[in-house]
Structures are given as C-alpha cells and as structure tokens.
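Asker: Data file my_file-v6.pdb (PDB, C-alpha atoms) is appended below.
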ATOM      1  CA  MET E  12     -57.375 -43.620-138.364
ATOM      2  CA  GLN E  13     -54.449 -44.824-140.468
ATOM      3  CA  ARG E  14     -52.230 -42.170-138.867
ATOM      4  CA  ILE E  15     -53.195 -43.367-135.374
ATOM      5  CA  PHE E  16     -52.555 -46.963-136.409
ATOM      6  CA  LEU E  17     -49.100 -46.055-137.735
ATOM      7  CA  ARG E  18     -48.249 -44.128-134.587
ATOM      8  CA  GLY E  19     -49.303 -47.138-132.511
ATOM      9  CA  CYS E  20     -47.171 -49.440-134.634
ATOM     10  CA  ALA E  21     -44.191 -47.096-134.273
ATOM     11  CA  ALA E  22     -44.624 -46.947-130.501
ATOM     12  CA  GLY E  23     -44.911 -50.711-130.293
ATOM     13  CA  PHE E  24     -41.833 -51.130-132.464
ATOM     14  CA  GLY E  25     -39.941 -48.728-130.204
ATOM     15  CA  LEU E  26     -40.871 -50.776-127.146
ATOM     16  CA  LEU E  27     -39.716 -53.930-128.890
ATOM     17  CA  LEU E  28     -36.390 -52.311-129.734
ATOM     18  CA  SER E  29     -36.014 -51.121-126.142
ATOM     19  CA  ALA E  30     -36.797 -54.580-124.806
ATOM     20  CA  ALA E  31     -34.366 -56.096-127.279
ATOM     21  CA  GLY E  32     -31.686 -53.659-126.120
ATOM     22  CA  VAL E  33     -32.250 -54.629-122.496
ATOM     23  CA  LEU E  34     -32.054 -58.316-123.334
ATOM     24  CA  ALA E  35     -28.866 -57.752-125.322
ATOM     25  CA  ALA E  36     -27.297 -55.854-122.401
ATOM     26  CA  GLN E  37     -28.272 -58.659-120.030
ATOM     27  CA  ALA E  38     -26.790 -61.230-122.357
ATOM     28  CA  GLN E  39     -23.463 -59.370-122.495
ATOM     29  CA  SER E  40     -23.111 -58.256-118.884
ATOM     30  CA  VAL E  41     -21.212 -60.502-116.504
ATOM     31  CA  SER E  42     -19.307 -59.945-113.277
ATOM     32  CA  HIS E  43     -16.171 -61.625-111.998
ATOM     33  CA  VAL E  44     -15.850 -61.966-108.224
ATOM     34  CA  GLY E  45     -13.031 -64.299-107.280
ATOM     35  CA  ASN E  46     -13.808 -67.617-108.956
ATOM     36  CA  VAL E  47     -17.517 -66.771-109.341
ATOM     37  CA  THR E  48     -18.895 -65.423-112.638
ATOM     38  CA  GLY E  49     -22.135 -63.506-112.298
ATOM     39  CA  ASN E  50     -24.803 -63.549-114.984
ATOM     40  CA  ALA E  51     -27.085 -60.549-115.558
ATOM     41  CA  ALA E  52     -30.081 -62.560-116.751
ATOM     42  CA  ALA E  53     -30.063 -64.538-113.521
ATOM     43  CA  GLY E  54     -29.364 -61.332-111.571
ATOM     44  CA  ALA E  55     -32.528 -59.765-113.012
ATOM     45  CA  ARG E  56     -34.595 -62.292-111.072
ATOM     46  CA  GLU E  57     -32.813 -61.527-107.804
ATOM     47  CA  TYR E  58     -33.076 -57.804-108.491
ATOM     48  CA  ARG E  59     -36.842 -57.981-109.062
ATOM     49  CA  ARG E  60     -37.271 -59.926-105.843
ATOM     50  CA  TYR E  61     -35.015 -57.965-103.490
ATOM     51  CA  CYS E  62     -34.006 -54.616-105.015
ATOM     52  CA  VAL E  63     -36.756 -53.236-107.240
ATOM     53  CA  GLY E  64     -38.853 -51.826-104.364
ATOM     54  CA  CYS E  65     -36.212 -49.198-103.639
ATOM     55  CA  HIS E  66     -34.042 -48.944-106.758
ATOM     56  CA  GLY E  67     -36.925 -49.185-109.248
ATOM     57  CA  GLN E  68     -37.648 -51.307-112.291
ATOM     58  CA  ALA E  69     -35.410 -49.088-114.435
ATOM     59  CA  GLY E  70     -32.644 -48.901-111.814
ATOM     60  CA  ASP E  71     -33.189 -45.151-111.444
ATOM     61  CA  GLY E  72     -33.664 -45.142-107.675
ATOM     62  CA  LEU E  73     -37.385 -44.441-108.015
ATOM     63  CA  GLY E  74     -38.898 -47.630-106.659
ATOM     64  CA  GLU E  75     -42.224 -47.520-104.836
ATOM     65  CA  ASN E  76     -40.463 -47.273-101.466
ATOM     66  CA  ALA E  77     -37.993 -44.580-102.512
ATOM     67  CA  MET E  78     -40.099 -41.624-101.368
ATOM     68  CA  TRP E  79     -39.919 -42.886 -97.789
ATOM     69  CA  ILE E  80     -36.155 -43.437 -97.764
ATOM     70  CA  ASP E  81     -33.454 -40.984 -96.678
ATOM     71  CA  PRO E  82     -30.842 -41.026 -98.080
ATOM     72  CA  ARG E  83     -32.401 -41.865-101.433
ATOM     73  CA  PRO E  84     -31.681 -45.221-103.108
ATOM     74  CA  ARG E  85     -28.787 -45.327-105.563
ATOM     75  CA  ASP E  86     -29.606 -44.390-109.173
ATOM     76  CA  PHE E  87     -27.803 -47.079-111.172
ATOM     77  CA  THR E  88     -28.517 -45.325-114.474
ATOM     78  CA  ALA E  89     -26.068 -42.560-113.484
ATOM     79  CA  ALA E  90     -23.352 -45.121-112.668
ATOM     80  CA  VAL E  91     -21.896 -42.935-109.911
ATOM     81  CA  PHE E  92     -20.818 -44.896-106.845
ATOM     82  CA  LYS E  93     -19.557 -43.827-103.438
ATOM     83  CA  CYS E  94     -17.611 -46.867-102.293
ATOM     84  CA  ARG E  95     -14.825 -47.789-104.668
ATOM     85  CA  SER E  96     -11.228 -48.907-104.659
ATOM     86  CA  THR E  97     -10.741 -46.897-107.867
ATOM     87  CA  PRO E  98      -9.865 -43.206-108.408
ATOM     88  CA  THR E  99     -12.521 -40.514-108.259
ATOM     89  CA  GLY E 100     -14.543 -40.215-111.458
ATOM     90  CA  THR E 101     -14.026 -43.854-112.431
ATOM     91  CA  LEU E 102     -16.276 -46.879-112.165
ATOM     92  CA  PRO E 103     -15.890 -49.373-109.325
ATOM     93  CA  THR E 104     -14.653 -52.905-109.827
ATOM     94  CA  ASP E 105     -16.966 -55.909-109.658
ATOM     95  CA  ASP E 106     -15.415 -56.699-106.277
ATOM     96  CA  ASP E 107     -16.302 -53.185-105.059
ATOM     97  CA  LEU E 108     -19.964 -53.632-106.003
ATOM     98  CA  TYR E 109     -20.020 -57.129-104.556
ATOM     99  CA  ARG E 110     -18.690 -55.840-101.222
ATOM    100  CA  SER E 111     -21.342 -53.098-101.191
ATOM    101  CA  VAL E 112     -24.140 -55.599-101.815
ATOM    102  CA  THR E 113     -22.707 -57.949 -99.203
ATOM    103  CA  ARG E 114     -21.964 -55.338 -96.543
ATOM    104  CA  GLY E 115     -24.875 -52.950 -96.969
ATOM    105  CA  PHE E 116     -24.584 -49.317 -95.877
ATOM    106  CA  VAL E 117     -24.620 -48.328 -92.252
ATOM    107  CA  THR E 118     -27.005 -45.447 -91.305
ATOM    108  CA  THR E 119     -29.082 -46.099 -94.463
ATOM    109  CA  ASN E 120     -31.942 -48.431 -95.430
ATOM    110  CA  MET E 121     -29.602 -50.579 -97.523
ATOM    111  CA  PRO E 122     -29.176 -53.855 -95.602
ATOM    112  CA  SER E 123     -26.514 -56.503 -95.892
ATOM    113  CA  TRP E 124     -27.388 -59.147 -98.472
ATOM    114  CA  GLU E 125     -24.861 -61.637 -97.147
ATOM    115  CA  PRO E 126     -27.646 -64.237 -96.634
ATOM    116  CA  LEU E 127     -27.825 -64.561-100.434
ATOM    117  CA  THR E 128     -25.394 -67.017-101.996
ATOM    118  CA  ARG E 129     -22.153 -65.718-103.483
ATOM    119  CA  GLN E 130     -23.490 -66.651-106.915
ATOM    120  CA  ALA E 131     -26.717 -64.684-106.388
ATOM    121  CA  ARG E 132     -24.808 -61.596-105.264
ATOM    122  CA  ALA E 133     -22.436 -61.823-108.226
ATOM    123  CA  ASN E 134     -25.474 -62.131-110.511
ATOM    124  CA  VAL E 135     -26.985 -58.942-109.030
ATOM    125  CA  VAL E 136     -23.697 -57.109-109.647
ATOM    126  CA  ALA E 137     -23.788 -58.187-113.296
ATOM    127  CA  TYR E 138     -27.378 -56.984-113.620
ATOM    128  CA  ILE E 139     -26.666 -53.591-112.013
ATOM    129  CA  LYS E 140     -24.160 -52.995-114.805
ATOM    130  CA  THR E 141     -26.907 -53.216-117.450
ATOM    131  CA  PHE E 142     -28.496 -49.938-116.345
ATOM    132  CA  SER E 143     -25.818 -47.616-117.774
ATOM    133  CA  SER E 144     -23.756 -47.513-120.947
ATOM    134  CA  ARG E 145     -20.884 -46.134-118.863
ATOM    135  CA  TRP E 146     -19.942 -49.707-118.051
ATOM    136  CA  SER E 147     -18.640 -50.116-121.593
ATOM    137  CA  GLN E 148     -15.649 -48.043-120.394
ATOM    138  CA  GLY E 149     -14.728 -50.639-117.804
ATOM    139  CA  PRO E 150     -13.754 -49.949-114.181
ATOM    140  CA  GLY E 151     -10.878 -47.837-112.981
ATOM    141  CA  THR E 152      -7.628 -49.331-111.714
ATOM    142  CA  PRO E 153      -7.686 -49.846-107.930
ATOM    143  CA  ILE E 154      -5.447 -47.464-106.030
ATOM    144  CA  PRO E 155      -2.525 -48.936-104.094
ATOM    145  CA  VAL E 156      -2.937 -49.136-100.325
ATOM    146  CA  PRO E 157       0.512 -48.942 -98.720
ATOM    147  CA  PRO E 158       1.293 -50.682 -95.425
ATOM    148  CA  GLU E 159      -0.330 -48.913 -92.484
ATOM    149  CA  THR E 160       1.978 -46.766 -90.381
ATOM    150  CA  PRO E 161       2.125 -47.451 -86.619
ATOM    151  CA  ALA E 162      -0.692 -46.023 -84.515
ATOM    152  CA  THR E 163       1.128 -43.761 -82.069
ATOM    153  CA  MET E 164       0.200 -40.603 -80.178
ATOM    154  CA  GLU E 165       2.307 -38.644 -82.638
ATOM    155  CA  SER E 166       0.257 -40.078 -85.496
ATOM    156  CA  ILE E 167      -3.054 -39.387 -83.739
ATOM    157  CA  LEU E 168      -2.095 -35.800 -82.889
ATOM    158  CA  HIS E 169      -0.916 -35.137 -86.438
ATOM    159  CA  GLY E 170      -4.196 -36.580 -87.729
ATOM    160  CA  ARG E 171      -6.030 -34.184 -85.406
ATOM    161  CA  GLN E 172      -4.032 -31.270 -86.831
ATOM    162  CA  LEU E 173      -4.952 -32.372 -90.360
ATOM    163  CA  PHE E 174      -8.637 -32.641 -89.373
ATOM    164  CA  GLN E 175      -8.362 -28.980 -88.349
ATOM    165  CA  SER E 176      -6.213 -27.637 -91.198
ATOM    166  CA  MET E 177      -8.120 -29.476 -93.943
ATOM    167  CA  GLU E 178     -11.359 -28.142 -92.420
ATOM    168  CA  CYS E 179     -12.931 -31.578 -92.039
ATOM    169  CA  TRP E 180     -14.732 -30.147 -88.994
ATOM    170  CA  LYS E 181     -16.802 -27.818 -91.195
ATOM    171  CA  CYS E 182     -18.871 -30.794 -92.320
ATOM    172  CA  HIS E 183     -18.183 -33.489 -89.738
ATOM    173  CA  GLY E 184     -18.148 -31.233 -86.681
ATOM    174  CA  ALA E 185     -15.477 -30.698 -84.044
ATOM    175  CA  ALA E 186     -16.268 -34.027 -82.360
ATOM    176  CA  GLY E 187     -17.015 -35.853 -85.627
ATOM    177  CA  HIS E 188     -20.774 -36.011 -85.021
ATOM    178  CA  GLY E 189     -21.714 -34.838 -88.537
ATOM    179  CA  ASP E 190     -22.921 -31.480 -87.189
ATOM    180  CA  GLY E 191     -20.395 -28.997 -88.563
ATOM    181  CA  PRO E 192     -21.455 -25.484 -89.646
ATOM    182  CA  SER E 193     -21.713 -26.576 -93.310
ATOM    183  CA  ALA E 194     -23.605 -29.795 -92.612
ATOM    184  CA  SER E 195     -27.097 -28.428 -93.172
ATOM    185  CA  THR E 196     -26.177 -26.965 -96.577
ATOM    186  CA  LEU E 197     -24.786 -30.110 -98.207
ATOM    187  CA  THR E 198     -26.409 -31.840-101.179
ATOM    188  CA  ASP E 199     -25.464 -34.795-103.354
ATOM    189  CA  SER E 200     -25.037 -34.846-107.142
ATOM    190  CA  LYS E 201     -28.826 -35.083-107.579
ATOM    191  CA  ASP E 202     -29.433 -32.073-105.292
ATOM    192  CA  ASN E 203     -30.815 -34.195-102.464
ATOM    193  CA  PRO E 204     -29.832 -33.125 -98.937
ATOM    194  CA  ILE E 205     -27.027 -35.297 -97.576
ATOM    195  CA  ARG E 206     -25.690 -35.601 -94.053
ATOM    196  CA  PRO E 207     -21.968 -35.837 -93.271
ATOM    197  CA  TYR E 208     -20.910 -39.068 -91.623
ATOM    198  CA  ASN E 209     -21.238 -39.203 -87.836
ATOM    199  CA  PHE E 210     -18.209 -41.064 -86.512
ATOM    200  CA  ALA E 211     -19.966 -41.612 -83.171
ATOM    201  CA  SER E 212     -22.680 -43.693 -84.841
ATOM    202  CA  GLY E 213     -20.918 -47.026 -84.402
ATOM    203  CA  SER E 214     -18.011 -49.236 -85.369
ATOM    204  CA  ARG E 215     -18.626 -49.137 -89.122
ATOM    205  CA  PHE E 216     -17.578 -46.523 -91.624
ATOM    206  CA  LYS E 217     -19.654 -45.810 -94.734
ATOM    207  CA  CYS E 218     -17.556 -48.120 -96.908
ATOM    208  CA  GLY E 219     -16.357 -50.739 -94.475
ATOM    209  CA  ASP E 220     -14.961 -51.265 -91.001
ATOM    210  CA  SER E 221     -11.196 -51.552 -91.435
ATOM    211  CA  ASN E 222      -8.522 -48.876 -91.352
ATOM    212  CA  ALA E 223      -7.724 -49.682 -94.984
ATOM    213  CA  ASP E 224     -11.371 -49.034 -95.912
ATOM    214  CA  LEU E 225     -11.175 -45.544 -94.406
ATOM    215  CA  TYR E 226      -7.813 -44.899 -96.095
ATOM    216  CA  ARG E 227      -9.459 -45.654 -99.460
ATOM    217  CA  VAL E 228     -12.221 -43.136 -98.756
ATOM    218  CA  PHE E 229      -9.637 -40.365 -98.287
ATOM    219  CA  MET E 230      -7.815 -41.306-101.479
ATOM    220  CA  THR E 231     -10.803 -42.058-103.749
ATOM    221  CA  GLY E 232     -13.494 -39.760-102.341
ATOM    222  CA  LEU E 233     -17.181 -40.629-102.257
ATOM    223  CA  ASP E 234     -18.346 -39.804-105.782
ATOM    224  CA  GLY E 235     -21.743 -38.125-105.985
ATOM    225  CA  THR E 236     -21.256 -36.489-102.569
ATOM    226  CA  PRO E 237     -19.378 -33.418-101.277
ATOM    227  CA  MET E 238     -16.634 -35.734 -99.923
ATOM    228  CA  PRO E 239     -13.721 -35.292-102.362
ATOM    229  CA  SER E 240     -10.633 -37.350-103.014
ATOM    230  CA  PHE E 241      -7.549 -36.069-101.192
ATOM    231  CA  ALA E 242      -5.130 -38.107-103.298
ATOM    232  CA  ASP E 243      -3.591 -34.920-104.714
ATOM    233  CA  ASN E 244      -3.515 -33.094-101.377
ATOM    234  CA  ILE E 245      -2.028 -35.444 -98.794
ATOM    235  CA  GLN E 246       0.645 -38.097 -98.627
ATOM    236  CA  PRO E 247      -0.117 -41.703 -97.659
ATOM    237  CA  ASN E 248       1.391 -41.223 -94.186
ATOM    238  CA  ASP E 249      -0.923 -38.234 -93.646
ATOM    239  CA  ALA E 250      -3.939 -40.341 -94.628
ATOM    240  CA  TRP E 251      -2.978 -43.017 -92.113
ATOM    241  CA  ASP E 252      -2.623 -40.332 -89.428
ATOM    242  CA  LEU E 253      -6.157 -39.131 -90.197
ATOM    243  CA  VAL E 254      -7.397 -42.719 -89.952
ATOM    244  CA  HIS E 255      -5.803 -43.082 -86.521
ATOM    245  CA  PHE E 256      -7.346 -39.837 -85.246
ATOM    246  CA  LEU E 257     -10.827 -40.673 -86.548
ATOM    247  CA  ARG E 258     -10.698 -43.993 -84.715
ATOM    248  CA  THR E 259     -10.564 -42.006 -81.454
ATOM    249  CA  LEU E 260     -13.950 -40.446 -82.284
ATOM    250  CA  GLN E 261     -15.744 -43.793 -82.383
ATOM    251  CA  PRO E 262     -17.586 -45.237 -79.332
ATOM    252  CA  MET E 263     -15.749 -48.555 -79.453
ATOM    253  CA  PRO E 264     -12.485 -50.064 -78.208
ATOM    254  CA  SER E 265      -9.558 -49.737 -80.598
ATOM    255  CA  PRO E 266      -5.787 -49.420 -80.215
ATOM    256  CA  GLU E 267      -6.049 -45.750 -81.208
ATOM    257  CA  ALA E 268      -8.826 -45.043 -78.690
ATOM    258  CA  ALA E 269      -6.857 -46.762 -75.915
ATOM    259  CA  LEU E 270      -3.815 -44.580 -76.625
ATOM    260  CA  TRP E 271      -5.946 -41.445 -76.745
ATOM    261  CA  GLN E 272      -7.813 -42.172 -73.517
ATOM    262  CA  ALA E 273      -4.599 -42.908 -71.647
ATOM    263  CA  TRP E 274      -2.901 -39.744 -72.912
ATOM    264  CA  LEU E 275      -5.755 -37.238 -72.701
ATOM    265  CA  PRO E 276      -6.230 -36.756 -68.917
ATOM    266  CA  GLY E 277      -2.721 -35.376 -68.474
ATOM    267  CA  HIS E 278      -2.643 -33.312 -71.675
ATOM    268  CA  ALA E 279      -6.143 -31.985 -72.355
ATOM    269  CA  GLY E 280      -5.049 -28.435 -71.528
ATOM    270  CA  GLU E 281      -2.443 -28.553 -74.279
ATOM    271  CA  LEU E 282      -5.010 -29.088 -77.035
ATOM    272  CA  LYS E 283      -6.332 -26.208 -79.050
ATOM    273  CA  PRO E 284     -10.075 -26.632 -79.720
ATOM    274  CA  ILE E 285     -11.008 -27.836 -83.179
ATOM    275  CA  GLY E 286     -12.976 -25.266 -85.161
ATOM    276  CA  PRO E 287     -12.668 -21.691 -86.414
ATOM    277  CA  ASP E 288      -9.331 -20.011 -85.645
TER     278      ASP E 288
END
Please render this file's structure as structure tokens.
Answerer:
Amino acid sequence: MQRIFLRGCAAGFGLLLSAAGVLAAQAQSVSHVGNVTGNAAAGAREYRRYCVGCHGQAGDGLGENAMWIDPRPRDFTAAVFKCRSTPTGTLPTDDDLYRSVTRGFVTTNMPSWEPLTRQARANVVAYIKTFSSRWSQGPGTPIPVPPETPATMESILHGRQLFQSMECWKCHGAAGHGDGPSASTLTDSKDNPIRPYNFASGSRFKCGDSNADLYRVFMTGLDGTPMPSFADNIQPNDAWDLVHFLRTLQPMPSPEAALWQAWLPGHAGELKPIGPD
C-alpha cells in the first residue's frame, strides 16, 4: 500500500513539474511582429479556442479532428516548418509564423485567421513557440531576395528549360498539375503521403501569392517535405526565370501568362515536350 502511495505521489509530482515547465515556457515565450509583442499566456487561450481541435492540446498535430484531415495538421513539437524566409534546416522568424497564421494554407484545411486581431495572432505565434525546445536556438537569418528580373519570353523559356532539366516535372507533372510519375510515392518527414503542389489549383502558391513568395520557396525549400532548397544549385536569375514560367501554368491573368499566350500559337511546334528524354 505504501509503495502504491509513493508511486502515486511521484506521478503527481511529475505532473506538477511538467505543468510548471509549461507555465515557465509560456512566461518566457514572446513574439515580435512589427510593433506588436505577442504573449504566450494570452496565446494559449486563443489556441485552445481556435487551434486545439486540429493541432492538439500538446501541439503534436493529434487533435480530435486530425484523423479526418489531409494533409495532417502541423506538429509544433517537431518545430519543422514549410513556409519560411530562412534557410533550410533553420527555424522561421516570428513574421513568418504570423504570415502563415494570417494567410492560411491553400489546398489544406488550415484557414486564414485574419479576422483575429493582430495582437491575438501575435499571441498565438508566441504560444506555438512553447511546444519545442528548438526555439531556444532562435530563428535563422532571412535570405536576401534580389530585385526581380524582367518577365520576358526569354526568361519564361529558360524557366521552362530549368523545369525540365531540374526534373521538377517528376513530381509536379509536365503541366504542373501535381501528377508527375513520382507524385504517388512521396511522403513527408513523418511518413505521411504528401501531394506535390498543383499550379492549376488557383492564384495562390503554398506560401503566398507573390513572385517573391515563390522565389523564397526555391531558395529555402519546404522543410519536412520532399521539396528541397535549390540555393546551392541555381543562381538568383535562374530562380526568377522559374517563377516566370510557373506563372504561365496558373489559370489566372498575369503578365507572364499574357506573354506566353501571345507567343505560343506561332511557336508551339518549336517546343520539346516536358518529360522523359
């Protein structure tokens, strides 16, 4: 009986220590988004109201709704994030997380939380950072984004060549529909099946809607997915050329699409099909 009592006391003490650790992390974690300072303790309330159903009480992506969601909710305890302005393998900035919360993720169940106040969103960012000790390292340094090169037919055609030579089509498909020959085999860092992005799905990219957002994806990669960083493989001008070509695959007006549609009828026969040589 005494042994059972002692074990119970030890378990209770362990829970108290765990709770104390959580409270200490909340007390220390803040976020800085512009002139707004987020507070984790306040963010915990917003998280429990809006986020816990998918991301779980422990931030492990195992909320009660998670089993119905594809792709799976983010596991904050792993502290691995797709959309960043920082190099691959590093943590995102507070601004990166804030933009993700604000924007949401197209083609997923993660909505935009822009209706929340800026303060509430900054608080949630601060709270997310309490789920992993990795945050003690601090975020990476944002990569530079050089001025965009002009969108010309030469740029678009070179981007198309890069899409072929870098074998982007193997995952994204010849027309960018996410149906390449490797698409069905892909998994994320937690071994969950993951679909390549379908550029015909709308005006948004995974991590934003601007050309600079897509440039960052090429240079930082989407950590936790098969999409690597190409920072060591291509030059900035090459990345901009890829951006300009990928814009032609979207079902929306853009300067790049207008150039492509005007050029294509008289030159389609000159193009080698994208795919296996």
Asker: Go ahead and compute the interatomic distance for atom CA of E:Ala273 and atom CA of E:Glu165, in Å to one decimal.
Answerer: 13.7 Å
Asker: What would the selection look like, as a ChimeraX atom specification, if the PyMOL selection byres ((chain E and resi 45) around 12) were run on the coordinates I just shared?
Answerer: /E:42-44,46-49,104-107,109-110,129-130,133
Asker: With distances taken over only C-alpha atoms, which residue among E:Ile167, E:Ala52, E:Arg215, E:Gly64 lies nearest E:Gln272?
Answerer: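 Under the stated criterion, the closest residue is E:Ile167.
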Asker: Show me a table, sorted first by chain and then by increasing residue number, of the residues of stretch 75-155 of chain E having an atom at most 10 Å from stretch 236-239 of chain E, each with its shortest atom pair and the distance in Å to one decimal, counting all atoms listed in the file and written as a Markdown table.
Answerer:
| residue | atom | partner | partner_atom | distance |
| --- | --- | --- | --- | --- |
| E:Val91 | CA | E:Thr236 | CA | 9.8 |
| E:Phe92 | CA | E:Thr236 | CA | 9.4 |
| E:Lys93 | CA | E:Thr236 | CA | 7.6 |
| E:Thr99 | CA | E:Pro239 | CA | 8.0 |
Asker: Could you check the closest approach to E:Pro98 for each of E:Trp271, E:Phe216, E:Trp124, E:Phe241 and tell me which residue wins, using only C-alpha atoms?
Answerer: E:Phe241
Asker: Which one of E:Pro158, E:Glu57, E:Gln175, E:Thr259 sits closest to E:Thr128 if you count all atoms listed in the file?
Answerer: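 Among the listed residues, the smallest separation from E:Thr128 belongs to E:Glu57.
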Asker: Out of E:Ile154, E:Leu127, E:His66, E:Glu159, which residue has the shortest atom-to-atom distance to E:Gly232 when counting all atoms listed in the file?
Answerer: E:Ile154
Asker: Find the residues around E:Trp274 up to 12 Å (only C-alpha atoms counted), leave out those fewer than 5 positions away in its own chain, and share them as a VMD selection string.
Answerer: chain E and resid 163 to 165 167 to 168 259 267 to 269 279 to 282
Asker: Would you output that residue set with C-alpha atoms, as an mmCIF file, in the frame of the given file?
Answerer:
data_model
loop_
_atom_site.group_PDB
_atom_site.id
_atom_site.type_symbol
_atom_site.label_atom_id
_atom_site.label_comp_id
_atom_site.auth_asym_id
_atom_site.auth_seq_id
_atom_site.Cartn_x
_atom_site.Cartn_y
_atom_site.Cartn_z
ATOM 1 C CA THR E 163 1.128 -43.761 -82.069
ATOM 2 C CA MET E 164 0.200 -40.603 -80.178
ATOM 3 C CA GLU E 165 2.307 -38.644 -82.638
ATOM 4 C CA ILE E 167 -3.054 -39.387 -83.739
ATOM 5 C CA LEU E 168 -2.095 -35.800 -82.889
ATOM 6 C CA THR E 259 -10.564 -42.006 -81.454
ATOM 7 C CA GLU E 267 -6.049 -45.750 -81.208
ATOM 8 C CA ALA E 268 -8.826 -45.043 -78.690
ATOM 9 C CA ALA E 269 -6.857 -46.762 -75.915
ATOM 10 C CA ALA E 279 -6.143 -31.985 -72.355
ATOM 11 C CA GLY E 280 -5.049 -28.435 -71.528
ATOM 12 C CA GLU E 281 -2.443 -28.553 -74.279
ATOM 13 C CA LEU E 282 -5.010 -29.088 -77.035
#
Asker: Here is a test: counting only C-alpha atoms, which residue of E:Thr97, E:Ser166, E:Gln261, E:Asn248 is nearest to E:Ala211?
Answerer: E:Gln261
Asker: I'd like the contact shell of stretch 141-151 of chain E - 6 Å cut-off, all atoms listed in the file, skipping same-chain residues fewer than 4 positions apart - returned as a PyMOL selection string.
Answerer: chain E and resi 36+87-88+97+101-104
Asker: With distances taken over all atoms listed in the file, which of E:Arg85, E:Arg60, E:Arg258, E:Lys181 is nearest to E:Ala162?
Answerer: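 Of the candidates, the smallest distance to E:Ala162 is held by E:Arg258.
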Asker: I'd like the interatomic distance between atom CA of E:Val117 and atom CA of E:Pro84, to a tenth of an Å.
Answerer: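 Taking atom CA of E:Val117 and atom CA of E:Pro84, their separation equals 13.3 Å.
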